[in-house]
$ cat work_8.tsv   # TSV, C-alpha atoms
chain	number	residue	atom	x	y	z
A	75	MET	CA	10.47	20.98	-14.34
A	76	SER	CA	7.38	20.10	-12.38
A	77	ALA	CA	6.29	22.05	-9.33
A	78	ALA	CA	7.37	20.48	-6.08
A	79	THR	CA	4.88	19.05	-3.64
A	80	GLY	CA	7.35	17.72	-1.12
A	81	ASN	CA	5.73	19.35	1.93
A	82	GLY	CA	2.54	17.40	1.34
A	83	ARG	CA	-1.02	18.62	1.06
A	84	GLY	CA	-1.98	21.15	3.64
A	85	HIS	CA	1.62	21.76	4.68
A	86	GLY	CA	2.58	24.79	2.61
A	87	ALA	CA	3.51	23.00	-0.63
A	88	ARG	CA	5.68	25.09	-2.91
A	89	THR	CA	4.15	26.60	-6.03
A	90	THR	CA	7.46	27.49	-7.70
A	91	PRO	CA	9.86	25.03	-9.34
A	92	LEU	CA	12.69	23.66	-7.21
A	93	ARG	CA	16.29	24.27	-8.14
A	94	VAL	CA	17.96	21.30	-9.81
A	95	ASP	CA	19.96	20.39	-6.70
A	96	ALA	CA	16.93	20.75	-4.43
A	97	GLN	CA	14.84	18.56	-6.76
A	98	ARG	CA	17.61	15.98	-6.78
A	99	ASN	CA	17.76	15.98	-2.98
A	100	LEU	CA	13.99	15.56	-2.78
A	101	GLU	CA	14.12	12.56	-5.10
A	102	HIS	CA	16.95	11.03	-3.05
A	103	VAL	CA	14.98	11.52	0.18
A	104	LEU	CA	11.80	9.97	-1.23
A	105	ARG	CA	13.69	7.01	-2.66
A	106	ALA	CA	15.54	6.50	0.61
A	107	ALA	CA	12.31	6.78	2.62
A	108	ARG	CA	10.64	4.08	0.51
A	109	GLU	CA	13.62	1.79	1.03
A	110	VAL	CA	14.02	2.44	4.76
A	111	PHE	CA	10.32	2.28	5.61
A	112	GLY	CA	9.95	-0.78	3.39
A	113	GLU	CA	12.74	-2.56	5.24
A	114	LEU	CA	12.18	-1.33	8.81
A	115	GLY	CA	8.58	-0.13	8.86
A	116	TYR	CA	7.23	3.36	9.45
A	117	GLY	CA	8.81	3.36	12.89
A	118	ALA	CA	12.27	3.92	11.37
A	119	PRO	CA	13.83	7.26	12.41
A	120	MET	CA	14.34	10.19	10.07
A	121	GLU	CA	18.09	9.90	10.65
A	122	ASP	CA	18.04	6.54	8.86
A	123	VAL	CA	16.29	8.13	5.90
A	124	ALA	CA	18.84	10.95	5.77
A	125	ARG	CA	21.73	8.50	6.01
A	126	ARG	CA	20.36	6.38	3.15
A	127	ALA	CA	19.75	9.50	1.05
A	128	ARG	CA	23.28	10.74	1.83
A	129	VAL	CA	22.02	14.11	2.96
A	130	GLY	CA	21.92	15.83	6.34
A	131	VAL	CA	18.87	15.26	8.49
A	132	GLY	CA	18.26	19.03	8.29
A	133	THR	CA	17.76	18.64	4.54
A	134	VAL	CA	15.06	16.05	5.17
A	135	TYR	CA	13.28	18.28	7.68
A	136	ARG	CA	13.40	21.28	5.33
A	137	ARG	CA	11.32	19.32	2.83
A	138	PHE	CA	9.22	17.44	5.40
A	139	PRO	CA	8.77	19.42	8.63
A	140	SER	CA	7.76	16.31	10.57
A	141	LYS	CA	8.13	12.59	10.16
A	142	ASP	CA	4.36	12.25	9.86
A	143	VAL	CA	4.39	14.44	6.75
A	144	LEU	CA	6.99	12.17	5.11
A	145	VAL	CA	5.14	9.01	6.14
A	146	ARG	CA	1.89	10.35	4.70
A	147	ARG	CA	3.64	11.25	1.44
A	148	ILE	CA	5.08	7.75	1.03
A	149	ALA	CA	1.87	5.97	2.08
A	150	GLU	CA	-0.17	8.16	-0.27
A	151	GLU	CA	2.12	7.46	-3.22
A	152	GLU	CA	2.11	3.70	-2.59
A	153	THR	CA	-1.68	3.66	-2.23
A	154	SER	CA	-1.99	5.51	-5.54
A	155	ARG	CA	0.42	3.08	-7.21
A	156	LEU	CA	-1.57	0.08	-6.00
A	157	THR	CA	-4.79	1.68	-7.23
A	158	ASP	CA	-3.27	2.19	-10.68
A	159	GLN	CA	-2.09	-1.44	-10.73
A	160	ALA	CA	-5.56	-2.68	-9.82
A	161	ARG	CA	-7.16	-0.55	-12.53
A	162	ALA	CA	-4.66	-1.82	-15.07
A	163	ALA	CA	-5.49	-5.42	-14.15
A	164	LEU	CA	-9.20	-4.73	-14.51
A	165	GLY	CA	-8.70	-3.13	-17.92
A	166	GLN	CA	-6.24	-5.61	-19.38
A	167	GLU	CA	-7.56	-8.99	-18.22
A	168	ASP	CA	-10.93	-10.35	-19.30
A	169	GLU	CA	-10.85	-13.39	-17.01
A	170	PRO	CA	-11.73	-12.47	-13.40
A	171	TRP	CA	-9.16	-14.76	-11.78
A	172	SER	CA	-6.46	-13.65	-14.20
A	173	ALA	CA	-7.20	-10.02	-13.33
A	174	LEU	CA	-7.01	-10.63	-9.59
A	175	SER	CA	-3.85	-12.73	-9.79
A	176	ARG	CA	-2.22	-10.22	-12.16
A	177	PHE	CA	-2.88	-7.44	-9.67
A	178	LEU	CA	-1.45	-9.48	-6.81
A	179	ARG	CA	1.67	-10.51	-8.71
A	180	THR	CA	2.34	-6.97	-9.97
A	181	SER	CA	1.80	-5.43	-6.56
A	182	VAL	CA	3.94	-7.96	-4.71
A	183	ALA	CA	6.74	-7.62	-7.27
A	184	SER	CA	6.73	-3.84	-6.80
A	185	GLY	CA	7.09	-4.21	-3.04
A	186	ALA	CA	4.25	-1.76	-2.41
A	187	GLY	CA	2.65	-4.02	0.19
A	188	ARG	CA	5.35	-3.16	2.72
A	189	LEU	CA	4.33	0.50	2.51
A	190	LEU	CA	0.56	0.28	2.65
A	191	PRO	CA	-0.93	2.75	5.14
A	192	PRO	CA	-2.10	1.06	8.35
A	193	GLN	CA	-5.69	2.26	7.95
A	194	VAL	CA	-6.23	-0.23	5.10
A	195	LEU	CA	-4.58	-3.14	6.93
A	196	ARG	CA	-6.98	-3.93	9.76
A	197	VAL	CA	-7.36	-7.56	10.82
A	198	SER	CA	-10.58	-9.08	12.15
A	199	VAL	CA	-10.25	-10.69	15.58
A	200	GLY	CA	-13.88	-11.68	15.95
A	201	GLU	CA	-17.07	-9.85	15.17
A	202	ASP	CA	-17.87	-9.14	18.83
A	203	GLY	CA	-14.35	-8.70	20.19
A	204	PRO	CA	-12.23	-5.55	20.45
A	205	GLY	CA	-11.39	-4.17	17.03
A	206	GLY	CA	-13.56	-6.86	15.45
A	207	ALA	CA	-14.85	-4.66	12.65
A	208	ARG	CA	-12.95	-5.41	9.49
A	209	VAL	CA	-11.50	-2.66	7.38
A	210	PRO	CA	-12.57	-2.48	4.69
A	211	GLN	CA	-15.95	-3.86	5.77
A	212	GLN	CA	-17.39	-5.95	2.99
A	213	ARG	CA	-20.34	-8.23	2.63
A	214	THR	CA	-19.06	-11.56	1.38
A	215	GLN	CA	-22.22	-12.69	-0.39
A	216	PRO	CA	-22.03	-12.58	-4.20
A	217	GLY	CA	-23.39	-9.35	-5.61
A	218	ALA	CA	-22.73	-7.19	-2.56
A	219	THR	CA	-20.21	-4.43	-3.17
A	220	GLU	CA	-20.44	-2.20	-0.11
A	221	LEU	CA	-17.03	-0.97	0.97
A	222	ARG	CA	-16.37	1.59	3.67
A	223	LEU	CA	-13.63	2.70	5.98
A	224	VAL	CA	-14.40	2.30	9.66
A	225	PRO	CA	-13.55	5.48	11.63
A	226	GLU	CA	-11.98	3.66	14.55
A	227	GLU	CA	-8.38	3.88	15.74
A	228	PRO	CA	-6.33	1.87	13.21
A	229	VAL	CA	-4.67	-1.37	14.29
A	230	ALA	CA	-1.40	-1.41	12.36
A	231	VAL	CA	0.09	-4.59	11.00
A	232	ALA	CA	3.61	-5.22	12.34
A	233	ALA	CA	2.90	-2.78	15.19
A	234	VAL	CA	4.12	0.27	13.32
A	235	PRO	CA	3.03	3.77	14.37
A	236	ALA	CA	-0.05	4.88	12.45
A	237	PRO	CA	0.30	8.19	10.62
A	238	VAL	CA	-2.31	10.86	11.15
A	239	VAL	CA	-5.15	10.20	8.74
A	240	GLY	CA	-6.59	13.15	6.85
A	241	ALA	CA	-9.31	13.56	4.26
A	242	ASP	CA	-6.87	13.09	1.39
A	243	ASP	CA	-5.61	9.84	2.92
A	244	ASP	CA	-9.17	8.56	3.31
A	245	ALA	CA	-9.94	9.47	-0.32
A	246	GLY	CA	-6.89	7.58	-1.58
A	247	ALA	CA	-7.63	4.56	0.58
A	248	SER	CA	-11.28	4.55	-0.50
A	249	ALA	CA	-10.27	4.60	-4.17
A	250	LEU	CA	-7.97	1.62	-3.59
A	251	LEU	CA	-10.67	-0.32	-1.72
A	252	GLU	CA	-13.22	0.38	-4.44
A	253	VAL	CA	-11.12	-0.87	-7.34
A	254	VAL	CA	-9.79	-3.91	-5.46
A	255	GLY	CA	-13.39	-4.60	-4.47
A	256	GLN	CA	-14.28	-4.83	-8.16
A	257	LEU	CA	-11.52	-7.41	-8.70
A	258	VAL	CA	-12.74	-9.42	-5.70
A	259	GLU	CA	-16.42	-9.31	-6.67
A	260	ARG	CA	-15.70	-10.36	-10.26
A	261	ALA	CA	-13.61	-13.33	-9.17
A	262	ARG	CA	-16.20	-14.34	-6.57
A	263	ALA	CA	-19.11	-14.03	-9.03
A	264	ALA	CA	-17.21	-16.26	-11.45
A	265	GLY	CA	-16.90	-18.91	-8.73
A	266	GLU	CA	-13.11	-18.69	-8.73
A	267	LEU	CA	-12.62	-17.00	-5.36
A	268	ARG	CA	-13.54	-18.39	-1.96
A	269	PRO	CA	-16.79	-16.71	-0.82
A	270	ASP	CA	-15.32	-15.73	2.54
A	271	VAL	CA	-12.37	-13.78	1.05
A	272	SER	CA	-12.66	-10.01	1.52
A	273	VAL	CA	-10.81	-7.02	0.14
A	274	SER	CA	-8.85	-6.76	3.38
A	275	ASP	CA	-7.69	-10.37	2.89
A	276	VAL	CA	-6.37	-9.51	-0.57
A	277	LEU	CA	-4.50	-6.49	0.77
A	278	LEU	CA	-3.02	-8.61	3.55
A	279	VAL	CA	-1.75	-11.04	0.90
A	280	ILE	CA	0.06	-8.14	-0.78
A	281	ALA	CA	1.60	-7.07	2.51
A	282	THR	CA	2.53	-10.61	3.54
A	283	ALA	CA	3.99	-11.82	0.24
A	284	ALA	CA	6.58	-9.05	-0.04
A	285	PRO	CA	9.34	-10.05	2.40
A	286	SER	CA	12.44	-7.90	2.79
A	287	LEU	CA	15.55	-10.04	2.29
A	288	PRO	CA	19.13	-8.81	1.84
A	289	ASP	CA	19.61	-10.66	-1.46
A	290	ALA	CA	17.40	-9.37	-4.30
A	291	ALA	CA	17.26	-12.73	-6.09
A	292	GLN	CA	16.29	-14.57	-2.92
A	293	GLN	CA	13.66	-11.95	-2.17
A	294	ALA	CA	12.11	-12.30	-5.64
A	295	ALA	CA	12.10	-16.10	-5.40
A	296	ALA	CA	10.64	-16.08	-1.88
A	297	SER	CA	7.93	-13.61	-2.89
A	298	ALA	CA	6.95	-15.64	-5.94
A	299	ARG	CA	6.82	-18.90	-3.99
A	300	LEU	CA	4.83	-17.41	-1.11
A	301	LEU	CA	2.40	-15.74	-3.48
A	302	ASP	CA	1.79	-19.02	-5.34
A	303	ILE	CA	0.85	-20.65	-2.03
A	304	LEU	CA	-1.38	-17.76	-0.99
A	305	LEU	CA	-3.14	-17.65	-4.37
A	306	GLU	CA	-3.99	-21.33	-4.03
A	307	GLY	CA	-5.47	-20.54	-0.65
A	308	LEU	CA	-7.70	-17.85	-2.14
A	309	ARG	CA	-9.17	-20.03	-4.90
A	310	SER	CA	-12.50	-21.73	-4.47
A	311	ARG	CA	-12.63	-25.51	-4.58
A	312	PRO	CA	-15.37	-27.73	-6.05
A	313	ALA	CA	-17.77	-28.96	-3.39
$ encode --input "work_8.tsv" --output "structure tokens"
Amino acid sequence: MSAATGNGRGHGARTTPLRVDAQRNLEHVLRAAREVFGELGYGAPMEDVARRARVGVGTVYRRFPSKDVLVRRIAEEETSRLTDQARAALGQEDEPWSALSRFLRTSVASGAGRLLPPQVLRVSVGEDGPGGARVPQQRTQPGATELRLVPEEPVAVAAVPAPVVGADDDAGASALLEVVGQLVERARAAGELRPDVSVSDVLLVIATAAPSLPDAAQQAAASARLLDILLEGLRSRPA
């Protein structure tokens, strides 16, 4: 049995194995948190997570002493999952557009876009206006690969509360931005991606194309249809 890390980094993570029932409860809480936050956003109360996990709210707080700790755990895991999906697309697809579209389709199908941490979902509202700096900032000319997080207060998509951002969160987000940046630069260099499309645009596609609908079949169909439309919008067109 693996050692538990349910309290998160820097929050007194256990170094001894959990009992079987405690491990089971932890798995139920994490699964429930992904579902609840995916459906309602990170503003959903801990009581909803406990209800979905079919445990008492005290059980949730024993593993995660604050809601922020749980939110960070979920956001960190989803960021890591997206990074792995992007790396897999880079390694398994030789064609740049195929690699980018594979990553988008895999990520949207997994529903990870609904759980992306707010610090990687910043929207540009004008270069000179409030919050105009894009995150991640990226030069859009072919050949430029600079990516960096901007240390300003995050503007969260869907107006959800932003979790406290620590060094580990920044490291995970930076890894995601770097590998998605490789997908974007390859597709742009091949002339298959619009030159004005940035990494943040690609991440917004993932977040946008993963609607939460009550019927699983309808959700899958809606996601696939919306992603097809968005992919067409990303592709470059002959002059």
$ closest_residue --input "work_8.tsv" --among "A:Arg176, A:Leu164, A:Val271, A:Ala249" --to "Asp302 in chain A" --atoms "all atoms listed in the file"
A:Arg176
$ axis_aligned_box --input "work_8.tsv" --around "range 110-113 of chain A" --padding-each-side "5 Å" --output "JSON"
{"center_x": 12.0, "center_y": -0.1, "center_z": 4.5, "size_x": 14.1, "size_y": 15.0, "size_z": 12.2}
$ atom_distance --input "work_8.tsv" --atom1 "CA of Ile280 in chain A" --atom2 "CA of Val258 in chain A"
13.8 Å
$ atom_distance --input "work_8.tsv" --atom1 "CA of Gln292 in chain A" --atom2 "CA of Arg179 in chain A"
16.2 Å
$ residues_around --input "work_8.tsv" --residues "Val134 in chain A" --least-positions-apart "3" --cutoff "7 Å" --atoms "only C-alpha atoms" --output "JSON, numbers by chain"
{"A": [103, 124, 130, 131, 137, 138]}
$ closest_residue --input "work_8.tsv" --among "A:Arg93, A:Pro119, A:Phe111, A:Gly246" --to "Arg155 in chain A" --atoms "only C-alpha atoms"
A:Gly246
$ atom_distance --input "work_8.tsv" --atom1 "CA of Ala186 in chain A" --atom2 "CA of Thr282 in chain A"
10.8 Å
$ residues_around --input "work_8.tsv" --residues "Leu178 in chain A" --least-positions-apart "4" --cutoff "9 Å" --atoms "all atoms listed in the file" --output "mmCIF file with C-alpha atoms, in the coordinates of the input"
data_model
loop_
_atom_site.group_PDB
_atom_site.id
_atom_site.type_symbol
_atom_site.label_atom_id
_atom_site.label_comp_id
_atom_site.auth_asym_id
_atom_site.auth_seq_id
_atom_site.Cartn_x
_atom_site.Cartn_y
_atom_site.Cartn_z
ATOM 1 C CA GLN A 159 -2.090 -1.440 -10.730
ATOM 2 C CA ALA A 160 -5.560 -2.680 -9.820
ATOM 3 C CA ALA A 173 -7.200 -10.020 -13.330
ATOM 4 C CA LEU A 174 -7.010 -10.630 -9.590
ATOM 5 C CA VAL A 182 3.940 -7.960 -4.710
ATOM 6 C CA ALA A 183 6.740 -7.620 -7.270
ATOM 7 C CA VAL A 276 -6.370 -9.510 -0.570
ATOM 8 C CA LEU A 277 -4.500 -6.490 0.770
ATOM 9 C CA VAL A 279 -1.750 -11.040 0.900
ATOM 10 C CA ILE A 280 0.060 -8.140 -0.780
ATOM 11 C CA LEU A 301 2.400 -15.740 -3.480
ATOM 12 C CA LEU A 305 -3.140 -17.650 -4.370
#
$ residues_around --input "work_8.tsv" --residues "Leu308 in chain A" --least-positions-apart "2" --cutoff "10 Å" --atoms "only C-alpha atoms" --output "list in words"
Ser175, Glu266, Leu267, Arg268, Pro269, Asp270, Val271, Ser272, Asp275, Val276, Val279, Ile303, Leu304, Leu305, Glu306, Ser310 and Arg311 of chain A
$ closest_residue --input "work_8.tsv" --among "A:Ala245, A:Ala127, A:Leu189, A:Ala261" --to "Ser286 in chain A" --atoms "only C-alpha atoms"
A:Leu189
$ closest_residue --input "work_8.tsv" --among "A:Ala247, A:Val273, A:Ala96, A:Ala290" --to "Arg260 in chain A" --atoms "only C-alpha atoms"
A:Val273
$ closest_residue --input "work_8.tsv" --among "A:Glu150, A:Asp142, A:Asp168, A:Asp289" --to "Ser248 in chain A" --atoms "all atoms listed in the file"
A:Glu150
$ closest_residue --input "work_8.tsv" --among "A:Pro139, A:Gly307, A:Pro312, A:Pro191" --to "Gly112 in chain A" --atoms "only C-alpha atoms"
A:Pro191
$ residues_around --input "work_8.tsv" --residues "range 294-298 of chain A" --least-positions-apart "3" --cutoff "6 Å" --atoms "all atoms listed in the file" --output "list in words"
Ala283, Ala284, Ala291 and Leu301 of chain A
$ decode --input "work_8.tsv" --residues "range 146-158 of chain A" --atoms "all heavy atoms" --output "compact mmCIF listing (two decimals), in the first residue's frame"
# COMPACT_ATOMS: atom_id res chain seq x y z
N ARG A 146 -6.19 22.58 -3.87
CA ARG A 146 -4.82 22.50 -4.41
C ARG A 146 -4.48 21.09 -4.82
O ARG A 146 -3.83 20.87 -5.85
CB ARG A 146 -3.82 23.02 -3.38
CG ARG A 146 -3.83 24.52 -3.20
CD ARG A 146 -2.80 24.96 -2.19
NE ARG A 146 -1.46 24.57 -2.58
CZ ARG A 146 -0.39 24.77 -1.81
NH1 ARG A 146 -0.53 25.33 -0.62
NH2 ARG A 146 0.81 24.40 -2.22
N ARG A 147 -4.93 20.10 -4.03
CA ARG A 147 -4.64 18.70 -4.37
C ARG A 147 -5.29 18.32 -5.70
O ARG A 147 -4.64 17.72 -6.58
CB ARG A 147 -5.17 17.80 -3.24
CG ARG A 147 -5.18 16.29 -3.54
CD ARG A 147 -3.78 15.70 -3.59
NE ARG A 147 -3.86 14.25 -3.79
CZ ARG A 147 -3.80 13.35 -2.81
NH1 ARG A 147 -3.66 13.75 -1.55
NH2 ARG A 147 -3.88 12.06 -3.07
N ILE A 148 -6.56 18.70 -5.88
CA ILE A 148 -7.27 18.35 -7.11
C ILE A 148 -6.65 19.09 -8.30
O ILE A 148 -6.39 18.50 -9.36
CB ILE A 148 -8.76 18.68 -6.99
CG1 ILE A 148 -9.41 17.84 -5.88
CG2 ILE A 148 -9.47 18.44 -8.32
CD1 ILE A 148 -9.33 16.35 -6.08
N ALA A 149 -6.42 20.39 -8.14
CA ALA A 149 -5.85 21.19 -9.24
C ALA A 149 -4.47 20.67 -9.62
O ALA A 149 -4.12 20.59 -10.81
CB ALA A 149 -5.78 22.66 -8.84
N GLU A 150 -3.68 20.29 -8.63
CA GLU A 150 -2.34 19.77 -8.90
C GLU A 150 -2.41 18.45 -9.68
O GLU A 150 -1.66 18.24 -10.64
CB GLU A 150 -1.61 19.56 -7.57
CG GLU A 150 -0.20 19.01 -7.70
CD GLU A 150 0.42 18.77 -6.34
OE1 GLU A 150 0.70 19.75 -5.63
OE2 GLU A 150 0.61 17.58 -5.97
N GLU A 151 -3.31 17.56 -9.27
CA GLU A 151 -3.44 16.28 -9.95
C GLU A 151 -3.92 16.46 -11.39
O GLU A 151 -3.44 15.78 -12.31
CB GLU A 151 -4.40 15.37 -9.18
CG GLU A 151 -3.83 14.86 -7.87
CD GLU A 151 -4.74 13.89 -7.16
OE1 GLU A 151 -5.90 13.72 -7.62
OE2 GLU A 151 -4.31 13.29 -6.16
N GLU A 152 -4.87 17.38 -11.60
CA GLU A 152 -5.38 17.59 -12.96
C GLU A 152 -4.32 18.24 -13.84
O GLU A 152 -4.20 17.93 -15.03
CB GLU A 152 -6.65 18.44 -12.91
CG GLU A 152 -7.82 17.76 -12.22
CD GLU A 152 -8.09 16.37 -12.78
OE1 GLU A 152 -8.28 16.24 -14.00
OE2 GLU A 152 -8.10 15.41 -11.99
N THR A 153 -3.54 19.16 -13.28
CA THR A 153 -2.45 19.78 -14.04
C THR A 153 -1.43 18.73 -14.45
O THR A 153 -0.96 18.71 -15.59
CB THR A 153 -1.77 20.87 -13.20
OG1 THR A 153 -2.74 21.89 -12.86
CG2 THR A 153 -0.62 21.52 -13.96
N SER A 154 -1.10 17.83 -13.52
CA SER A 154 -0.15 16.76 -13.83
C SER A 154 -0.70 15.83 -14.90
O SER A 154 0.03 15.39 -15.80
CB SER A 154 0.16 15.97 -12.55
OG SER A 154 1.03 14.90 -12.81
N ARG A 155 -2.00 15.54 -14.83
CA ARG A 155 -2.60 14.66 -15.83
C ARG A 155 -2.56 15.29 -17.22
O ARG A 155 -2.23 14.62 -18.21
CB ARG A 155 -4.04 14.33 -15.45
CG ARG A 155 -4.75 13.47 -16.50
CD ARG A 155 -5.95 12.77 -15.95
NE ARG A 155 -7.00 13.65 -15.48
CZ ARG A 155 -8.30 13.30 -15.45
NH1 ARG A 155 -8.66 12.11 -15.85
NH2 ARG A 155 -9.20 14.13 -15.01
N LEU A 156 -2.87 16.59 -17.29
CA LEU A 156 -2.80 17.27 -18.58
C LEU A 156 -1.37 17.30 -19.12
O LEU A 156 -1.15 17.15 -20.33
CB LEU A 156 -3.32 18.70 -18.44
CG LEU A 156 -4.83 18.90 -18.49
CD1 LEU A 156 -5.18 20.35 -18.21
CD2 LEU A 156 -5.41 18.46 -19.83
N THR A 157 -0.41 17.50 -18.24
CA THR A 157 1.00 17.50 -18.67
C THR A 157 1.38 16.15 -19.26
O THR A 157 2.03 16.06 -20.31
CB THR A 157 1.91 17.86 -17.49
OG1 THR A 157 1.53 19.13 -16.95
CG2 THR A 157 3.37 17.93 -17.94
N ASP A 158 0.96 15.07 -18.60
CA ASP A 158 1.25 13.73 -19.11
C ASP A 158 0.58 13.51 -20.46
O ASP A 158 1.17 12.89 -21.37
CB ASP A 158 0.76 12.67 -18.12
CG ASP A 158 1.60 12.62 -16.85
OD1 ASP A 158 2.72 13.15 -16.86
OD2 ASP A 158 1.11 12.06 -15.84
